[in-house]
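Here is the file final.pdb (PDB, C-alpha atoms and all ligand atoms).
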MODEL        1
ATOM      1  CA  MET A   2    -162.678  86.887 176.852  1.00  0.00           C
ATOM      2  CA  SER A   3    -164.022  90.366 176.113  1.00  0.00           C
ATOM      3  CA  ALA A   4    -161.833  92.858 174.228  1.00  0.00           C
ATOM      4  CA  ASN A   5    -159.080  94.441 176.277  1.00  0.00           C
ATOM      5  CA  PRO A   6    -159.452  98.256 176.130  1.00  0.00           C
ATOM      6  CA  LEU A   7    -155.730  98.626 176.906  1.00  0.00           C
ATOM      7  CA  GLN A   8    -154.493  96.342 174.156  1.00  0.00           C
ATOM      8  CA  HIS A   9    -153.781  99.093 171.609  1.00  0.00           C
ATOM      9  CA  ALA A  10    -151.280 100.888 173.833  1.00  0.00           C
ATOM     10  CA  GLN A  11    -148.529 102.249 171.609  1.00  0.00           C
ATOM     11  CA  PHE A  12    -145.209 103.849 172.465  1.00  0.00           C
ATOM     12  CA  VAL A  13    -145.285 107.620 171.927  1.00  0.00           C
ATOM     13  CA  LEU A  14    -142.183 109.054 173.556  1.00  0.00           C
ATOM     14  CA  ALA A  15    -139.779 108.867 176.456  1.00  0.00           C
ATOM     15  CA  ALA A  16    -139.289 112.066 178.456  1.00  0.00           C
ATOM     16  CA  HIS A  17    -136.571 113.204 180.795  1.00  0.00           C
ATOM     17  CA  ARG A  18    -138.558 116.205 182.011  1.00  0.00           C
ATOM     18  CA  ILE A  19    -142.274 116.762 182.496  1.00  0.00           C
ATOM     19  CA  ASN A  20    -142.280 119.583 179.946  1.00  0.00           C
ATOM     20  CA  GLN A  21    -141.360 117.001 177.273  1.00  0.00           C
ATOM     21  CA  LEU A  22    -144.580 115.084 177.891  1.00  0.00           C
ATOM     22  CA  PRO A  23    -147.508 115.265 175.434  1.00  0.00           C
ATOM     23  CA  ALA A  24    -149.865 118.232 175.891  1.00  0.00           C
ATOM     24  CA  ASP A  25    -151.597 118.086 179.248  1.00  0.00           C
ATOM     25  CA  ALA A  26    -155.038 117.238 177.833  1.00  0.00           C
ATOM     26  CA  GLY A  27    -157.200 114.128 177.814  1.00  0.00           C
ATOM     27  CA  ALA A  28    -156.631 111.458 180.450  1.00  0.00           C
ATOM     28  CA  GLU A  29    -153.708 109.406 181.639  1.00  0.00           C
ATOM     29  CA  VAL A  30    -152.863 106.853 184.310  1.00  0.00           C
ATOM     30  CA  ALA A  31    -149.329 106.664 185.685  1.00  0.00           C
ATOM     31  CA  PHE A  32    -147.523 103.491 186.757  1.00  0.00           C
ATOM     32  CA  ALA A  33    -145.032 103.784 189.585  1.00  0.00           C
ATOM     33  CA  GLY A  34    -142.923 101.388 191.578  1.00  0.00           C
ATOM     34  CA  ARG A  35    -139.489 100.599 192.906  1.00  0.00           C
ATOM     35  CA  SER A  36    -137.240  99.017 190.303  1.00  0.00           C
ATOM     36  CA  ASN A  37    -137.699  95.268 190.066  1.00  0.00           C
ATOM     37  CA  ALA A  38    -141.098  95.439 191.753  1.00  0.00           C
ATOM     38  CA  GLY A  39    -142.629  94.052 188.555  1.00  0.00           C
ATOM     39  CA  LYS A  40    -143.929  97.244 186.908  1.00  0.00           C
ATOM     40  CA  SER A  41    -142.967  96.328 183.333  1.00  0.00           C
ATOM     41  CA  SER A  42    -144.455  92.873 183.706  1.00  0.00           C
ATOM     42  CA  ALA A  43    -147.673  94.397 185.059  1.00  0.00           C
ATOM     43  CA  LEU A  44    -147.872  96.819 182.105  1.00  0.00           C
ATOM     44  CA  ASN A  45    -147.338  93.910 179.737  1.00  0.00           C
ATOM     45  CA  ALA A  46    -150.013  91.835 181.404  1.00  0.00           C
ATOM     46  CA  LEU A  47    -152.546  94.678 181.557  1.00  0.00           C
ATOM     47  CA  THR A  48    -152.089  95.606 177.897  1.00  0.00           C
ATOM     48  CA  GLY A  49    -151.640  92.018 176.780  1.00  0.00           C
ATOM     49  CA  GLN A  50    -148.502  93.101 174.908  1.00  0.00           C
ATOM     50  CA  ARG A  51    -145.209  91.406 175.462  1.00  0.00           C
ATOM     51  CA  ALA A  52    -143.221  94.044 173.578  1.00  0.00           C
ATOM     52  CA  LEU A  53    -144.484  96.986 175.581  1.00  0.00           C
ATOM     53  CA  ALA A  54    -142.249  96.494 178.604  1.00  0.00           C
ATOM     54  CA  ARG A  55    -139.265  95.933 176.361  1.00  0.00           C
ATOM     55  CA  THR A  56    -139.853  99.474 175.147  1.00  0.00           C
ATOM     56  CA  SER A  57    -139.606 100.754 178.703  1.00  0.00           C
ATOM     57  CA  LYS A  58    -136.615  98.537 179.448  1.00  0.00           C
ATOM     58  CA  THR A  59    -134.573  99.825 176.510  1.00  0.00           C
ATOM     59  CA  PRO A  60    -131.267 100.995 178.006  1.00  0.00           C
ATOM     60  CA  GLY A  61    -131.580 104.668 178.864  1.00  0.00           C
ATOM     61  CA  ARG A  62    -135.352 104.500 179.123  1.00  0.00           C
ATOM     62  CA  THR A  63    -135.536 102.808 182.506  1.00  0.00           C
ATOM     63  CA  GLN A  64    -134.770 106.282 183.842  1.00  0.00           C
ATOM     64  CA  GLN A  65    -137.282 108.167 181.742  1.00  0.00           C
ATOM     65  CA  MET A  66    -141.016 108.635 181.728  1.00  0.00           C
ATOM     66  CA  VAL A  67    -142.323 106.412 178.941  1.00  0.00           C
ATOM     67  CA  VAL A  68    -145.654 107.376 177.398  1.00  0.00           C
ATOM     68  CA  PHE A  69    -148.001 104.941 175.670  1.00  0.00           C
ATOM     69  CA  GLU A  70    -151.104 106.106 173.866  1.00  0.00           C
ATOM     70  CA  LEU A  71    -154.346 104.128 173.861  1.00  0.00           C
ATOM     71  CA  ASP A  72    -156.773 104.255 171.000  1.00  0.00           C
ATOM     72  CA  GLN A  73    -159.134 106.823 172.518  1.00  0.00           C
ATOM     73  CA  GLY A  74    -156.384 109.445 172.894  1.00  0.00           C
ATOM     74  CA  THR A  75    -155.819 108.388 176.487  1.00  0.00           C
ATOM     75  CA  ARG A  76    -152.392 107.469 177.834  1.00  0.00           C
ATOM     76  CA  LEU A  77    -150.491 105.205 180.179  1.00  0.00           C
ATOM     77  CA  VAL A  78    -147.314 106.730 181.633  1.00  0.00           C
ATOM     78  CA  ASP A  79    -144.557 104.485 182.940  1.00  0.00           C
ATOM     79  CA  LEU A  80    -142.681 106.483 185.585  1.00  0.00           C
ATOM     80  CA  PRO A  81    -138.972 105.739 186.154  1.00  0.00           C
ATOM     81  CA  GLY A  82    -138.340 102.792 188.460  1.00  0.00           C
ATOM     82  CA  TYR A  83    -137.334 104.144 191.818  1.00  0.00           C
ATOM     83  CA  GLY A  84    -134.308 102.937 193.764  1.00  0.00           C
ATOM     84  CA  TYR A  85    -132.360 101.587 190.799  1.00  0.00           C
ATOM     85  CA  ALA A  86    -128.961 100.857 192.333  1.00  0.00           C
ATOM     86  CA  LYS A  87    -126.882 102.044 189.383  1.00  0.00           C
ATOM     87  CA  VAL A  88    -128.481 105.472 189.300  1.00  0.00           C
ATOM     88  CA  PRO A  89    -126.307 108.282 190.670  1.00  0.00           C
ATOM     89  CA  GLU A  90    -127.697 110.458 193.458  1.00  0.00           C
ATOM     90  CA  SER A  91    -127.977 113.506 191.170  1.00  0.00           C
ATOM     91  CA  LEU A  92    -130.329 111.602 188.859  1.00  0.00           C
ATOM     92  CA  ARG A  93    -132.344 110.298 191.799  1.00  0.00           C
ATOM     93  CA  ALA A  94    -132.785 113.867 193.025  1.00  0.00           C
ATOM     94  CA  HIS A  95    -133.831 114.907 189.513  1.00  0.00           C
ATOM     95  CA  TRP A  96    -136.508 112.224 189.435  1.00  0.00           C
ATOM     96  CA  ARG A  97    -137.785 112.942 192.906  1.00  0.00           C
ATOM     97  CA  LYS A  98    -138.360 116.510 191.786  1.00  0.00           C
ATOM     98  CA  GLU A  99    -139.891 115.604 188.410  1.00  0.00           C
ATOM     99  CA  ILE A 100    -142.199 112.943 189.851  1.00  0.00           C
ATOM    100  CA  ASP A 101    -143.332 115.319 192.603  1.00  0.00           C
ATOM    101  CA  ALA A 102    -144.061 118.010 190.028  1.00  0.00           C
ATOM    102  CA  TYR A 103    -145.794 115.511 187.749  1.00  0.00           C
ATOM    103  CA  LEU A 104    -148.063 114.215 190.503  1.00  0.00           C
ATOM    104  CA  GLN A 105    -148.883 117.672 191.752  1.00  0.00           C
ATOM    105  CA  ARG A 106    -149.438 119.500 188.491  1.00  0.00           C
ATOM    106  CA  ARG A 107    -150.448 117.138 185.738  1.00  0.00           C
ATOM    107  CA  GLN A 108    -154.098 117.968 185.050  1.00  0.00           C
ATOM    108  CA  SER A 109    -154.732 114.984 182.772  1.00  0.00           C
ATOM    109  CA  LEU A 110    -153.519 112.552 185.445  1.00  0.00           C
ATOM    110  CA  ARG A 111    -156.574 110.550 186.504  1.00  0.00           C
ATOM    111  CA  GLY A 112    -154.970 107.958 188.715  1.00  0.00           C
ATOM    112  CA  VAL A 113    -151.849 106.120 189.769  1.00  0.00           C
ATOM    113  CA  VAL A 114    -151.125 102.406 189.750  1.00  0.00           C
ATOM    114  CA  LEU A 115    -148.458 101.627 192.305  1.00  0.00           C
ATOM    115  CA  ILE A 116    -146.698  98.296 191.913  1.00  0.00           C
ATOM    116  CA  ALA A 117    -145.076  96.673 194.951  1.00  0.00           C
ATOM    117  CA  ASP A 118    -143.772  93.176 195.634  1.00  0.00           C
ATOM    118  CA  ILE A 119    -146.346  91.374 197.791  1.00  0.00           C
ATOM    119  CA  ARG A 120    -143.575  89.641 199.758  1.00  0.00           C
ATOM    120  CA  HIS A 121    -142.172  92.858 201.205  1.00  0.00           C
ATOM    121  CA  GLU A 122    -143.483  95.575 203.475  1.00  0.00           C
ATOM    122  CA  LEU A 123    -144.260  98.843 201.701  1.00  0.00           C
ATOM    123  CA  LYS A 124    -141.101 100.916 201.451  1.00  0.00           C
ATOM    124  CA  GLU A 125    -140.576 104.634 201.973  1.00  0.00           C
ATOM    125  CA  PHE A 126    -141.086 105.376 198.254  1.00  0.00           C
ATOM    126  CA  ASP A 127    -144.368 103.438 198.204  1.00  0.00           C
ATOM    127  CA  ARG A 128    -145.644 105.251 201.276  1.00  0.00           C
ATOM    128  CA  GLN A 129    -144.692 108.643 199.855  1.00  0.00           C
ATOM    129  CA  MET A 130    -146.513 107.813 196.642  1.00  0.00           C
ATOM    130  CA  LEU A 131    -149.662 106.728 198.511  1.00  0.00           C
ATOM    131  CA  HIS A 132    -149.485 109.842 200.650  1.00  0.00           C
ATOM    132  CA  PHE A 133    -149.083 112.091 197.602  1.00  0.00           C
ATOM    133  CA  CYS A 134    -152.033 110.567 195.784  1.00  0.00           C
ATOM    134  CA  SER A 135    -154.211 110.826 198.820  1.00  0.00           C
ATOM    135  CA  ALA A 136    -153.202 114.439 199.475  1.00  0.00           C
ATOM    136  CA  ARG A 137    -154.095 115.354 195.872  1.00  0.00           C
ATOM    137  CA  GLY A 138    -157.266 113.266 195.915  1.00  0.00           C
ATOM    138  CA  LEU A 139    -155.962 111.106 193.069  1.00  0.00           C
ATOM    139  CA  PRO A 140    -157.429 107.617 192.780  1.00  0.00           C
ATOM    140  CA  CYS A 141    -154.753 105.045 193.516  1.00  0.00           C
ATOM    141  CA  LEU A 142    -154.566 101.323 192.845  1.00  0.00           C
ATOM    142  CA  LEU A 143    -151.937  99.416 194.788  1.00  0.00           C
ATOM    143  CA  LEU A 144    -151.105  96.171 193.037  1.00  0.00           C
ATOM    144  CA  LEU A 145    -149.291  93.753 195.314  1.00  0.00           C
ATOM    145  CA  THR A 146    -147.642  91.728 192.630  1.00  0.00           C
ATOM    146  CA  LYS A 147    -145.826  88.382 192.415  1.00  0.00           C
ATOM    147  CA  ALA A 148    -148.750  86.922 194.396  1.00  0.00           C
ATOM    148  CA  ASP A 149    -147.924  83.594 192.736  1.00  0.00           C
ATOM    149  CA  LYS A 150    -144.881  83.433 195.019  1.00  0.00           C
ATOM    150  CA  LEU A 151    -147.124  83.155 198.103  1.00  0.00           C
ATOM    151  CA  SER A 152    -149.881  80.803 199.172  1.00  0.00           C
ATOM    152  CA  ARG A 153    -153.424  82.169 198.866  1.00  0.00           C
ATOM    153  CA  GLY A 154    -153.584  82.662 202.630  1.00  0.00           C
ATOM    154  CA  GLN A 155    -150.279  84.503 202.779  1.00  0.00           C
ATOM    155  CA  ALA A 156    -151.298  86.722 199.861  1.00  0.00           C
ATOM    156  CA  ALA A 157    -154.632  87.551 201.510  1.00  0.00           C
ATOM    157  CA  ALA A 158    -152.803  88.412 204.756  1.00  0.00           C
ATOM    158  CA  ALA A 159    -150.401  90.714 202.888  1.00  0.00           C
ATOM    159  CA  VAL A 160    -153.329  92.499 201.230  1.00  0.00           C
ATOM    160  CA  GLU A 161    -155.013  92.935 204.626  1.00  0.00           C
ATOM    161  CA  ARG A 162    -151.806  94.325 206.147  1.00  0.00           C
ATOM    162  CA  ALA A 163    -151.493  96.902 203.357  1.00  0.00           C
ATOM    163  CA  ARG A 164    -155.189  97.818 203.653  1.00  0.00           C
ATOM    164  CA  GLY A 165    -154.742  98.247 207.404  1.00  0.00           C
ATOM    165  CA  LEU A 166    -151.793 100.577 206.879  1.00  0.00           C
ATOM    166  CA  CYS A 167    -153.769 102.648 204.344  1.00  0.00           C
ATOM    167  CA  ARG A 168    -156.728 102.875 206.718  1.00  0.00           C
ATOM    168  CA  ARG A 169    -154.524 103.969 209.616  1.00  0.00           C
ATOM    169  CA  GLU A 170    -152.786 106.572 207.475  1.00  0.00           C
ATOM    170  CA  GLY A 171    -156.092 107.789 206.014  1.00  0.00           C
ATOM    171  CA  TRP A 172    -155.041 106.917 202.457  1.00  0.00           C
ATOM    172  CA  ASP A 173    -157.899 106.123 200.119  1.00  0.00           C
ATOM    173  CA  VAL A 174    -156.370 103.311 198.082  1.00  0.00           C
ATOM    174  CA  ILE A 175    -157.666 100.200 196.338  1.00  0.00           C
ATOM    175  CA  VAL A 176    -155.372  97.334 197.319  1.00  0.00           C
ATOM    176  CA  GLN A 177    -155.365  94.027 195.504  1.00  0.00           C
ATOM    177  CA  ALA A 178    -153.202  90.975 194.991  1.00  0.00           C
ATOM    178  CA  PHE A 179    -151.773  90.644 191.511  1.00  0.00           C
ATOM    179  CA  SER A 180    -149.617  88.348 189.460  1.00  0.00           C
ATOM    180  CA  SER A 181    -148.423  89.095 185.964  1.00  0.00           C
ATOM    181  CA  SER A 182    -147.362  85.519 185.406  1.00  0.00           C
ATOM    182  CA  ALA A 183    -150.430  83.773 186.854  1.00  0.00           C
ATOM    183  CA  GLY A 184    -152.962  86.434 185.827  1.00  0.00           C
ATOM    184  CA  THR A 185    -154.190  86.919 189.402  1.00  0.00           C
ATOM    185  CA  GLY A 186    -156.265  90.073 189.725  1.00  0.00           C
ATOM    186  CA  LEU A 187    -155.636  90.984 186.106  1.00  0.00           C
ATOM    187  CA  ASP A 188    -159.231  91.633 185.039  1.00  0.00           C
ATOM    188  CA  ALA A 189    -160.033  93.632 188.169  1.00  0.00           C
ATOM    189  CA  ALA A 190    -156.894  95.768 187.777  1.00  0.00           C
ATOM    190  CA  ARG A 191    -157.679  96.424 184.124  1.00  0.00           C
ATOM    191  CA  GLU A 192    -161.221  97.475 185.011  1.00  0.00           C
ATOM    192  CA  THR A 193    -159.908  99.909 187.612  1.00  0.00           C
ATOM    193  CA  VAL A 194    -157.444 101.467 185.135  1.00  0.00           C
ATOM    194  CA  VAL A 195    -160.159 101.817 182.498  1.00  0.00           C
ATOM    195  CA  ALA A 196    -162.500 103.366 185.085  1.00  0.00           C
ATOM    196  CA  MET A 197    -159.793 105.858 186.087  1.00  0.00           C
ATOM    197  CA  LEU A 198    -159.275 106.845 182.455  1.00  0.00           C
ATOM    198  CA  SER A 199    -162.942 107.396 181.831  1.00  0.00           C
ATOM    199  CA  ALA A 200    -163.776 109.184 185.117  1.00  0.00           C
TER     200      ALA A 200
HETATM  201  P1  LIG A 301    -139.697  96.397 186.946  1.00  0.00           P
HETATM  202  O1  LIG A 301    -138.244  96.716 187.160  1.00  0.00           O
HETATM  203  O2  LIG A 301    -140.525  96.915 188.072  1.00  0.00           O
HETATM  204  O3  LIG A 301    -140.221  96.788 185.616  1.00  0.00           O
HETATM  205  O4  LIG A 301    -139.811  94.807 187.084  1.00  0.00           O
HETATM  206  P2  LIG A 301    -139.971  93.649 185.998  1.00  0.00           P
HETATM  207  O5  LIG A 301    -141.346  93.636 185.452  1.00  0.00           O
HETATM  208  O6  LIG A 301    -138.847  93.708 185.029  1.00  0.00           O
HETATM  209  O7  LIG A 301    -139.828  92.370 186.941  1.00  0.00           O
HETATM  210  C1  LIG A 301    -138.696  92.160 187.769  1.00  0.00           C
HETATM  211  C2  LIG A 301    -138.511  90.670 187.968  1.00  0.00           C
HETATM  212  O8  LIG A 301    -139.649  90.119 188.637  1.00  0.00           O
HETATM  213  C3  LIG A 301    -138.392  89.906 186.641  1.00  0.00           C
HETATM  214  O9  LIG A 301    -137.476  88.845 186.838  1.00  0.00           O
HETATM  215  C4  LIG A 301    -139.794  89.364 186.415  1.00  0.00           C
HETATM  216  O10 LIG A 301    -139.815  88.181 185.671  1.00  0.00           O
HETATM  217  C5  LIG A 301    -140.263  89.110 187.852  1.00  0.00           C
HETATM  218  N1  LIG A 301    -141.722  89.249 187.962  1.00  0.00           N
HETATM  219  C6  LIG A 301    -142.469  90.322 187.624  1.00  0.00           C
HETATM  220  N2  LIG A 301    -143.778  90.104 187.873  1.00  0.00           N
HETATM  221  C7  LIG A 301    -143.875  88.850 188.372  1.00  0.00           C
HETATM  222  C8  LIG A 301    -144.978  88.024 188.833  1.00  0.00           C
HETATM  223  O11 LIG A 301    -146.157  88.411 188.839  1.00  0.00           O
HETATM  224  N3  LIG A 301    -144.656  86.790 189.301  1.00  0.00           N
HETATM  225  C9  LIG A 301    -143.369  86.329 189.335  1.00  0.00           C
HETATM  226  N4  LIG A 301    -143.166  85.096 189.833  1.00  0.00           N
HETATM  227  N5  LIG A 301    -142.324  87.060 188.915  1.00  0.00           N
HETATM  228  C10 LIG A 301    -142.569  88.302 188.436  1.00  0.00           C
ENDMDL
END

Now, as a test, write the supplied structure out as structure tokens.
Amino acid sequence: MSANPLQHAQFVLAAHRINQLPADAGAEVAFAGRSNAGKSSALNALTGQRALARTSKTPGRTQQMVVFELDQGTRLVDLPGYGYAKVPESLRAHWRKEIDAYLQRRQSLRGVVLIADIRHELKEFDRQMLHFCSARGLPCLLLLTKADKLSRGQAAAAVERARGLCRREGWDVIVQAFSSSAGTGLDAARETVVAMLSA
């Protein structure tokens, strides 16, 4: 296998507000998703690092923006998992505001990877995220993960349904099936992230 350009991702900091993020220079790709969608597992799989997600899952950090630096001064940003049941409404409101501001204003943001469970229809949060990216003209990769839980045919149908929705809504999104555990779509997803970072 060729070298993985994401393999040197290293924890930099966890931020509670966007003004605590590293200077808005260079290039970064943000990872978003509802909690339990499989975002940490996807980050692990893409970077080939088992410890990376543990960093994001450290108690207290699941509700922060976690920044990882790659070797070329580029970054991956793990956005707080949305819809986490134990999170009080005030914190949810805080994150809605911070994520909105981040997506709208962050100049170094080159693209968003949205993680959603392939077995479920896209939820309100997912749709808002796709809408946001499209409105800002930000490249977006929708990874329908846990594809290993479905047959090939079912997974292909789920991808087509999501593509249909994006077409109807006018959202310019790359949609692909993914599985962190089986490695489905891993190389293609990695290539898209690397392309976003170098665009
Ligand atoms: P996060 O809250 O979005 O970071 O989700 P996690 O990555 O912690 O995953 C939530 C649960 O889904 C865990 O039990 C994972 O083991 C499981 N999971 C994540 N990705 C996959 C996958 O591709 N296939 C399967 N079968 N399970 C997965």

Quick one: 8 Å padding each side, axis-aligned, all listed atoms of ligand LIG 301 (chain A) - centre and edge lengths in Å to one decimal, as JSON?
{"center_x": -141.8, "center_y": 91.0, "center_z": 187.4, "size_x": 24.7, "size_y": 27.8, "size_z": 20.8}

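Distance check against Glu161 in chain A using all atoms listed in the file: of A:Asp101, A:Glu90, A:Asp127, A:Glu122, the minimum falls on A:Glu122.
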
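Compared by their closest atoms to Ala178 in chain A, and using all atoms listed in the file, the residues A:Leu92, A:Ala136, A:Ala163, A:Leu80 rank with A:Ala163 nearest.
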
Query raised in the report: If we count all atoms listed in the file, what is near Ala117 in chain A at a cut-off of 9 Å, once residues fewer than 3 positions away on the same chain are taken out, given as a PyMOL selection string?
Result: chain A and resi 33-35+37-40+120-124+127+143-147

Which residues come within 9 Å of Glu29 in chain A, counting all atoms listed in the file, excluding same-chain residues fewer than 5 positions away, as a PDB file with C-alpha atoms, in the coordinates of the input?
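Written out: out.pdb:
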ATOM      1  CA  GLU A  70    -151.104 106.106 173.866  1.00  0.00           C
ATOM      2  CA  THR A  75    -155.819 108.388 176.487  1.00  0.00           C
ATOM      3  CA  ARG A  76    -152.392 107.469 177.834  1.00  0.00           C
ATOM      4  CA  LEU A  77    -150.491 105.205 180.179  1.00  0.00           C
ATOM      5  CA  VAL A  78    -147.314 106.730 181.633  1.00  0.00           C
ATOM      6  CA  SER A 109    -154.732 114.984 182.772  1.00  0.00           C
ATOM      7  CA  LEU A 110    -153.519 112.552 185.445  1.00  0.00           C
ATOM      8  CA  ARG A 111    -156.574 110.550 186.504  1.00  0.00           C
ATOM      9  CA  GLY A 112    -154.970 107.958 188.715  1.00  0.00           C
ATOM     10  CA  VAL A 113    -151.849 106.120 189.769  1.00  0.00           C
ATOM     11  CA  MET A 197    -159.793 105.858 186.087  1.00  0.00           C
ATOM     12  CA  LEU A 198    -159.275 106.845 182.455  1.00  0.00           C
TER      13      LEU A 198
END

For range 185-199 of chain A, which lacks atoms in the input, supply N, CA, C and O atoms and format the output as a compact mmCIF listing (two decimals), in the coordinates of the input.
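New file result_0.txt:
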# COMPACT_ATOMS: atom_id res chain seq x y z
N THR A 185 -153.39 86.59 188.21
CA THR A 185 -154.19 86.92 189.40
C THR A 185 -154.56 88.40 189.43
O THR A 185 -153.67 89.26 189.30
N GLY A 186 -155.82 88.67 189.58
CA GLY A 186 -156.26 90.07 189.72
C GLY A 186 -156.17 90.90 188.46
O GLY A 186 -156.40 92.12 188.49
N LEU A 187 -155.88 90.25 187.35
CA LEU A 187 -155.64 90.98 186.11
C LEU A 187 -156.89 91.71 185.61
O LEU A 187 -156.84 92.91 185.31
N ASP A 188 -158.01 91.01 185.56
CA ASP A 188 -159.23 91.63 185.04
C ASP A 188 -159.68 92.79 185.92
O ASP A 188 -160.06 93.85 185.42
N ALA A 189 -159.60 92.58 187.24
CA ALA A 189 -160.03 93.63 188.17
C ALA A 189 -159.14 94.86 188.03
O ALA A 189 -159.62 96.00 188.02
N ALA A 190 -157.83 94.64 187.90
CA ALA A 190 -156.89 95.77 187.78
C ALA A 190 -157.16 96.53 186.49
O ALA A 190 -157.18 97.77 186.46
N ARG A 191 -157.41 95.79 185.42
CA ARG A 191 -157.68 96.42 184.12
C ARG A 191 -158.95 97.28 184.21
O ARG A 191 -158.99 98.40 183.73
N GLU A 192 -159.97 96.72 184.86
CA GLU A 192 -161.22 97.48 185.01
C GLU A 192 -161.00 98.77 185.77
O GLU A 192 -161.56 99.81 185.44
N THR A 193 -160.17 98.70 186.82
CA THR A 193 -159.91 99.91 187.61
C THR A 193 -159.18 100.95 186.77
O THR A 193 -159.51 102.14 186.81
N VAL A 194 -158.19 100.52 185.98
CA VAL A 194 -157.44 101.47 185.14
C VAL A 194 -158.38 102.10 184.12
O VAL A 194 -158.36 103.32 183.92
N VAL A 195 -159.22 101.30 183.50
CA VAL A 195 -160.16 101.82 182.50
C VAL A 195 -161.14 102.80 183.16
O VAL A 195 -161.43 103.86 182.61
N ALA A 196 -161.58 102.47 184.36
CA ALA A 196 -162.50 103.37 185.08
C ALA A 196 -161.81 104.68 185.41
O ALA A 196 -162.40 105.76 185.29
N MET A 197 -160.54 104.62 185.79
CA MET A 197 -159.79 105.86 186.09
C MET A 197 -159.72 106.73 184.84
O MET A 197 -159.92 107.95 184.90
N LEU A 198 -159.44 106.10 183.70
CA LEU A 198 -159.28 106.84 182.46
C LEU A 198 -160.58 107.48 181.99
O LEU A 198 -160.56 108.52 181.33
N SER A 199 -161.68 106.85 182.34
CA SER A 199 -162.94 107.40 181.83
C SER A 199 -163.69 108.23 182.87
O SER A 199 -164.79 108.71 182.59
